[in-house]
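Working notes, structure below.
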Amino acid sequence: MENKIVSRLPTVKEMDAETDQHRGGSLLPGLTGINSVPMNSHAIRDTPITVLLAEDDPADAGKIRRALADTENKSFQVEWVTRLSDVLARLGRKVADVVLLDLTLPDCQGIEAFDRVFQSAPNALILVLTEARDEETARQAVQHGAYDYLAKGSVDPHWLSRALRYVVEHRAARDALRDSEARFRAMSDASPLGIFVSDEQGGCVYTNAAYHKISGLTFEQTMGTNWSIAIHPEDRQRVLAEWNTAVQDHSPFQTEFRFLREDGRIVWTRITRAAMRDGMEPNGHVQTVEDISERKSMDFVLQAAEEALFEEKERAQVTLNSIGDAVLTTDIKGNVTYLNLVAETMTGWSCEDALGRPISEVFRIIDGSTRQAAVSPALRAIREDSIVGLAADCVLIRRDGSESSIEDSAAPIHNRDGRVAGAVIVFHDVSQSRAMTQKMSHMARHDFLTGLPNRALLTERLSQAIRLARRHSKRVGLLFLDLDFFKHINDSLGHAVGDQLLQSVGERLTGCVRGSDTVCRQGGDEFVILLSEMEQARDAADVAEKLLAAFLMPHRIGVHELHVTLSIGISVYPDDSISVETVMQNADTAMYHAKTSGRNNFRFFMADMNTRAVRRLFIESSLRRALDQGEFLLHYQPQIDIASGEMTGAEALIRWMDPDLGLVGPLKFVPIAEECGLIVPIGQWVLREVCRQVREWLDSGLRAVPVAVNISALECRHKNFSDGVALILKETGLPPHYLELELTESILMHDAESSMSVLESLRVMGVKIAIDDFGTGYSSLSYLKRFPISSLKIDQSFVCDMTSDPSDATIVSAVIGMGRNLRLRVIAEGVETQEQLAFLRTHHCDEGQGFHFSHPLAADEFAQLLVTEPEVLP
């Protein structure tokens with residue numbers, strides 16, 4: 001049987017086909033141009049292939065050597081050894097390209113021989129030579145690492161050489177491909193981007209270390225998976241729609257989505273896809289996967305910051321447009337950078353038009369008093385790096401030329417380095433408030449009714465006048481004026497007429513003095529005139545006389561011609577005092593004395609006036625205390641029927657029990673009470689006390705008599721006087737016929753119509769009315785017939801001298817006769833002697849009252865008269 005070399009090596013046709021298949025091929029399909037290994041031996045090798053032939057049979061060795069020696073270009077270099085030890089020694093020096101190893105060498109056989117060679121050169125390309133009968137050992141050698149085996153037999157030189165070249169080049173291609181893949185994997189594993197390679201169906205064929213870190217999966221876990229399984233459910237529909245669009249349009253694909261790991265963590269990723277092609281045919285996809293979680297976090301932070309900044313800016317914008325103040329900002333050069341809506345309105349510039357313009361063009365301000373341009377507060381704030389304010393009376397000129405008064409402040413704007421970057425001005429329109437302030441200031445210093453200066457302004461001008469007079473050695477005169485009986489006009493004709501009269505008085509006073517003098521309304525019906533820089537005190541008297549003469553002419557108020565006179569008090573600086581307050585007090589004191597001296601005159605201040613004024617003030621304050629603490633008491637003086645001698649009535653007379661002064665008579669305090677208005681509450685107390693006391697006497701079983709009470713003018717003219725009397729009668733329970741009210745003629749005739757109404761209401765109640773001091777006041781007999789009067793009281797001034805003075809005797813007898821004819825009771829006051837009583841009895845006078853009968857008695861003493869009723873006539 002002919003020996004042949006039998007092998008599982010490929011045939012020539014198979015080698016050619018495989019060579020064509022692996023040109024440009026790779027273990028990683030589709031990565032053309034990266035790991036391609038050409039299989040053309042001429043292209044990749046220009047040195048002989050070294051072959052180490054280990055064969056102890058010279059015949060077999062010769063065949064192989066001859067087969068390899070006859071090749072073209074002498075492409076094989078064969079070294080032949082016969083022993084295993086030689087093989088190991090040769091491989092120890094240098095590894096051959098191919099080792100042809102016979103497993104039946106003299107010094108070692110079988111699989112042991114192969115294992116020793118493979119251990120010595122594990123990277124060597126070993127082809128085992130074996131007998132056909134020992135092919136099983138050859139296969140075992142292949143399992144231990146041999147590249148292949150050859151069966152000894154006939155040798156085809158052409159086939160053997162090509163087979164060896166194929167084996168060497170195939171091994172070289174595989175090593176190159178392995179090295180290329182190792183380099184690729186090293187590069188891809190070093191990449192920060194995850195790499196996911198999929199086939200055309202989308203199944204994973206490769207992933208790198210970065211992808212494993214992002215996905216949390218191992219290489220094995222990723223194999224065969226689809227990249228889309230990790231898309232977050234909320235992002236899946238969007239991402240897949242983008243993917244399908246890119247695939248259909250053959251366009252690049254890039255998107256961002258949340259990568260959902262198996263452990264539940266979410267990683268934000270950005271995916272970029274590129275198609276792999278084998279020629280023109282698609283061969284899969286390569287996707288780069290970038291972990292952008294950190295960037296996304298920053299994006300979210302930046303987005304939140306931008307939203308917060310936007311919201312803050314919007315809030316600031318809304319706030320700035322909602323406030324009532326105008327806001328304007330500039331850059332470091334003073335050019336406008338912002339105006340809010342109020343600033344646009346006030347300046348007349350829109351923000352768009354104003355941007356970039358110099359502030360002096362947009363915010364034009366002038367000094368309202370000098371009309372000169374004012375320095376911009378913004379420029380000052382930038383220059384001084386401090387908050388500054390506008391000067392007072394600053395005026396803003398709008399774009400259209402109109403003006404408005406403003407108030408503002410400016411502050412520097414600093415950048416993050418603390419350097420001045422611009423300024424902000426906040427201002428508002430104060431035109432109305434400034435006008436109101438001026439008006440309020442005028443009102444605070446002037447009388448609202450007459451427009452004349454008031455006390456505050458008078459005090460200022462008096463102080464100034466005194467300073468000038470001191471400097472120029474001049475005098476200052478101060479005239480206090482009071483309108484005589486103005487209250488009567490005001491009460492009778494109404495406040496409207498009274499106000500018009502005061503205005504007329506103010507105009508007339510102003511017309512009587514110089515322009516440099518000041519006419520002031522002090523309040524009520526009091527006026528003050530300041531005469532500045534007088535040469536002598538007589539100048540003030542001349543003015544006073546001029547004023548009195550001017551007021552002889554009536555004031556025409558509507559249909560009324562009203563006559564008023566003046567009571568004038570004069571104080572002179574420095575003659576009377578050198579202080580403002582004292583000069584004013586002295587003029588007031590002098591005016592009071594002019595009034596008590598008969599009115600319609602003037603008085604210069606005199607030193608003794610102060611003593612009387614102080615006394616008056618003391619009495620007034622003491623009266624207020626007496627009213628509060630119940631220091632007043634009543635005495636009762638009997639009224640006697642002259643014919644029968646019986647007591648028919650009494651007059652209640654007020655006394656004041658002062659803790660320091662003792663018992664004070666009415667003449668010392670009643671006039672002061674009338675002047676200060678206390679007579680009204682005092683009179684009400686008297687009226688109530690009389691009614692209470694008479695009611696008490698009645699309740700005690702005493703034979704009470706009617707009691708007369710004097711009513712002052714102020715009481716009678718007081719609003720609701722008659723209602724007050726009725727109320728007291730009701731509250732005390734006193735029958736009205738026990739009460740008699742005494743009024744003077746002057747009170748009744750001041751306003752006859754009003755008096756008639758009051759007296760009629762009192763008569764209806766049952767209260768009696770007596771005319772006190774008859775014959776001393778307004779002389780008109782017609783009122784005796786008109787008014788509901790029950791008694792006439794002859795004033796004691798007539799009774800006192802009627803027995804020695806024929807005139808008084810005639811008057812007394814005439815009054816008695818007139819009273820009898822009018823059927824009025826006639827009572828003579830001040831009866832102190834028997835002669836006076838005899839005269840009255842002779843002329844049939846009804847009643848008498850005086851010391852001859854009884855002094856005024858305290859209530860408990862008077863009560864004894866009501867019990868015993870002694871004979872009081874001789």
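To be explicit about the labels: the chains of the structure tokens are called A, B, and onward in the order shown, and within each one the residues are counted from 1, while ligands get numbers from 1 in the order they are shown.
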
Write out as a short mmCIF file (atom, residue, chain, number, x, y, z; two decimals) with N, CA, C and O atoms, in the first residue's frame which residues come within 7 Å of Thr518 (chain A) when counting only C-alpha atoms, dropping same-chain ones fewer than 5 positions away.
data_model
loop_
_atom_site.label_atom_id
_atom_site.label_comp_id
_atom_site.auth_asym_id
_atom_site.auth_seq_id
_atom_site.Cartn_x
_atom_site.Cartn_y
_atom_site.Cartn_z
N ILE A 529 -54.10 144.28 66.14
CA ILE A 529 -53.38 145.04 65.12
C ILE A 529 -51.96 145.28 65.62
O ILE A 529 -51.76 145.77 66.75
N LEU A 530 -50.99 144.93 64.80
CA LEU A 530 -49.58 145.13 65.10
C LEU A 530 -49.09 146.35 64.34
O LEU A 530 -49.15 146.38 63.10
N LEU A 531 -48.62 147.38 65.06
CA LEU A 531 -48.08 148.59 64.46
C LEU A 531 -46.57 148.54 64.61
O LEU A 531 -46.03 148.66 65.72
#

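The neighbours of Val388 (chain A) here are the residues that come within 9 Å of it, using only C-alpha atoms and leaving out any residue fewer than 3 positions away in the same chain; they are Pro377, Ala378, Arg380, Ala381, Glu384, Asp408, Ser409, Ala410 and Ala411 of chain A.
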
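Nearest-residue note for Ala652 (chain A): choosing from A:Ala61, A:Leu667, A:Leu634, A:Leu792, the minimum distance belongs to A:Leu634, counting only C-alpha atoms.
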
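Checking A:Val826, A:Val513, A:Ile64, A:Val426 one by one against Ala550 (chain A), counting only C-alpha atoms, you find the shortest gap at A:Val513.
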
Report as a PyMOL selection string: the residues of region 354-549 of chain A with a DSSP assignment of helix (DSSP H, G or I), based on the backbone of this structure.
chain A and resi 354+359-362+377-384+431-445+455-472+486-493+495-511+538-549

From the list A:Ala373, A:Met756, A:Val767, A:Ile747, which residue is nearest Cys716 (chain A) when using only C-alpha atoms?
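Ranking A:Ala373, A:Met756, A:Val767, A:Ile747 by distance to Cys716 (chain A), first place goes to A:Ile747.
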
Contacts between region 494-498 of chain A and region 557-656 of chain A, please, where a residue of region 557-656 of chain A counts if it comes within 10 Å (with only C-alpha atoms); show its shortest atom pair and distance in Å to one decimal, rows by chain and ascending number, as a Markdown table.
| residue | atom | partner | partner_atom | distance |
| --- | --- | --- | --- | --- |
| A:Ile557 | CA | A:Val497 | CA | 6.8 |
| A:Gly558 | CA | A:Val497 | CA | 8.1 |
| A:His560 | CA | A:Val497 | CA | 8.9 |
| A:Leu562 | CA | A:Val497 | CA | 9.9 |

Go ahead and write the residues just picked, all heavy atoms, as an mmCIF file, in the first residue's frame.
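The resulting file, result29.cif, is reproduced below:
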data_model
loop_
_atom_site.group_PDB
_atom_site.id
_atom_site.type_symbol
_atom_site.label_atom_id
_atom_site.label_comp_id
_atom_site.auth_asym_id
_atom_site.auth_seq_id
_atom_site.Cartn_x
_atom_site.Cartn_y
_atom_site.Cartn_z
ATOM 1 N N ILE A 557 -74.885 144.265 55.869
ATOM 2 C CA ILE A 557 -74.822 142.805 55.696
ATOM 3 C C ILE A 557 -76.192 142.360 55.202
ATOM 4 O O ILE A 557 -77.151 142.256 55.980
ATOM 5 C CB ILE A 557 -74.470 142.085 57.008
ATOM 6 C CG1 ILE A 557 -73.205 142.676 57.622
ATOM 7 C CG2 ILE A 557 -74.329 140.588 56.762
ATOM 8 C CD1 ILE A 557 -71.969 142.538 56.773
ATOM 9 N N GLY A 558 -76.304 142.125 53.910
ATOM 10 C CA GLY A 558 -77.582 141.753 53.336
ATOM 11 C C GLY A 558 -78.563 142.897 53.499
ATOM 12 O O GLY A 558 -78.313 144.032 53.074
ATOM 13 N N HIS A 560 -79.450 144.034 56.394
ATOM 14 C CA HIS A 560 -79.243 144.599 57.722
ATOM 15 C C HIS A 560 -78.166 145.686 57.673
ATOM 16 O O HIS A 560 -77.156 145.551 56.980
ATOM 17 C CB HIS A 560 -78.809 143.517 58.722
ATOM 18 C CG HIS A 560 -79.742 142.348 58.785
ATOM 19 N ND1 HIS A 560 -80.956 142.390 59.447
ATOM 20 C CD2 HIS A 560 -79.638 141.086 58.263
ATOM 21 C CE1 HIS A 560 -81.555 141.228 59.343
ATOM 22 N NE2 HIS A 560 -80.775 140.413 58.624
ATOM 23 N N LEU A 562 -75.781 147.078 60.403
ATOM 24 C CA LEU A 562 -75.364 146.696 61.746
ATOM 25 C C LEU A 562 -74.325 147.671 62.277
ATOM 26 O O LEU A 562 -73.339 147.977 61.603
ATOM 27 C CB LEU A 562 -74.791 145.271 61.742
ATOM 28 C CG LEU A 562 -75.725 144.187 61.189
ATOM 29 C CD1 LEU A 562 -75.013 142.841 61.168
ATOM 30 C CD2 LEU A 562 -77.001 144.114 62.019
#

Do you have the CA of Thr842 (chain A)-CA of Ser813 (chain A) distance handy?
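A separation of 9.7 Å between them.
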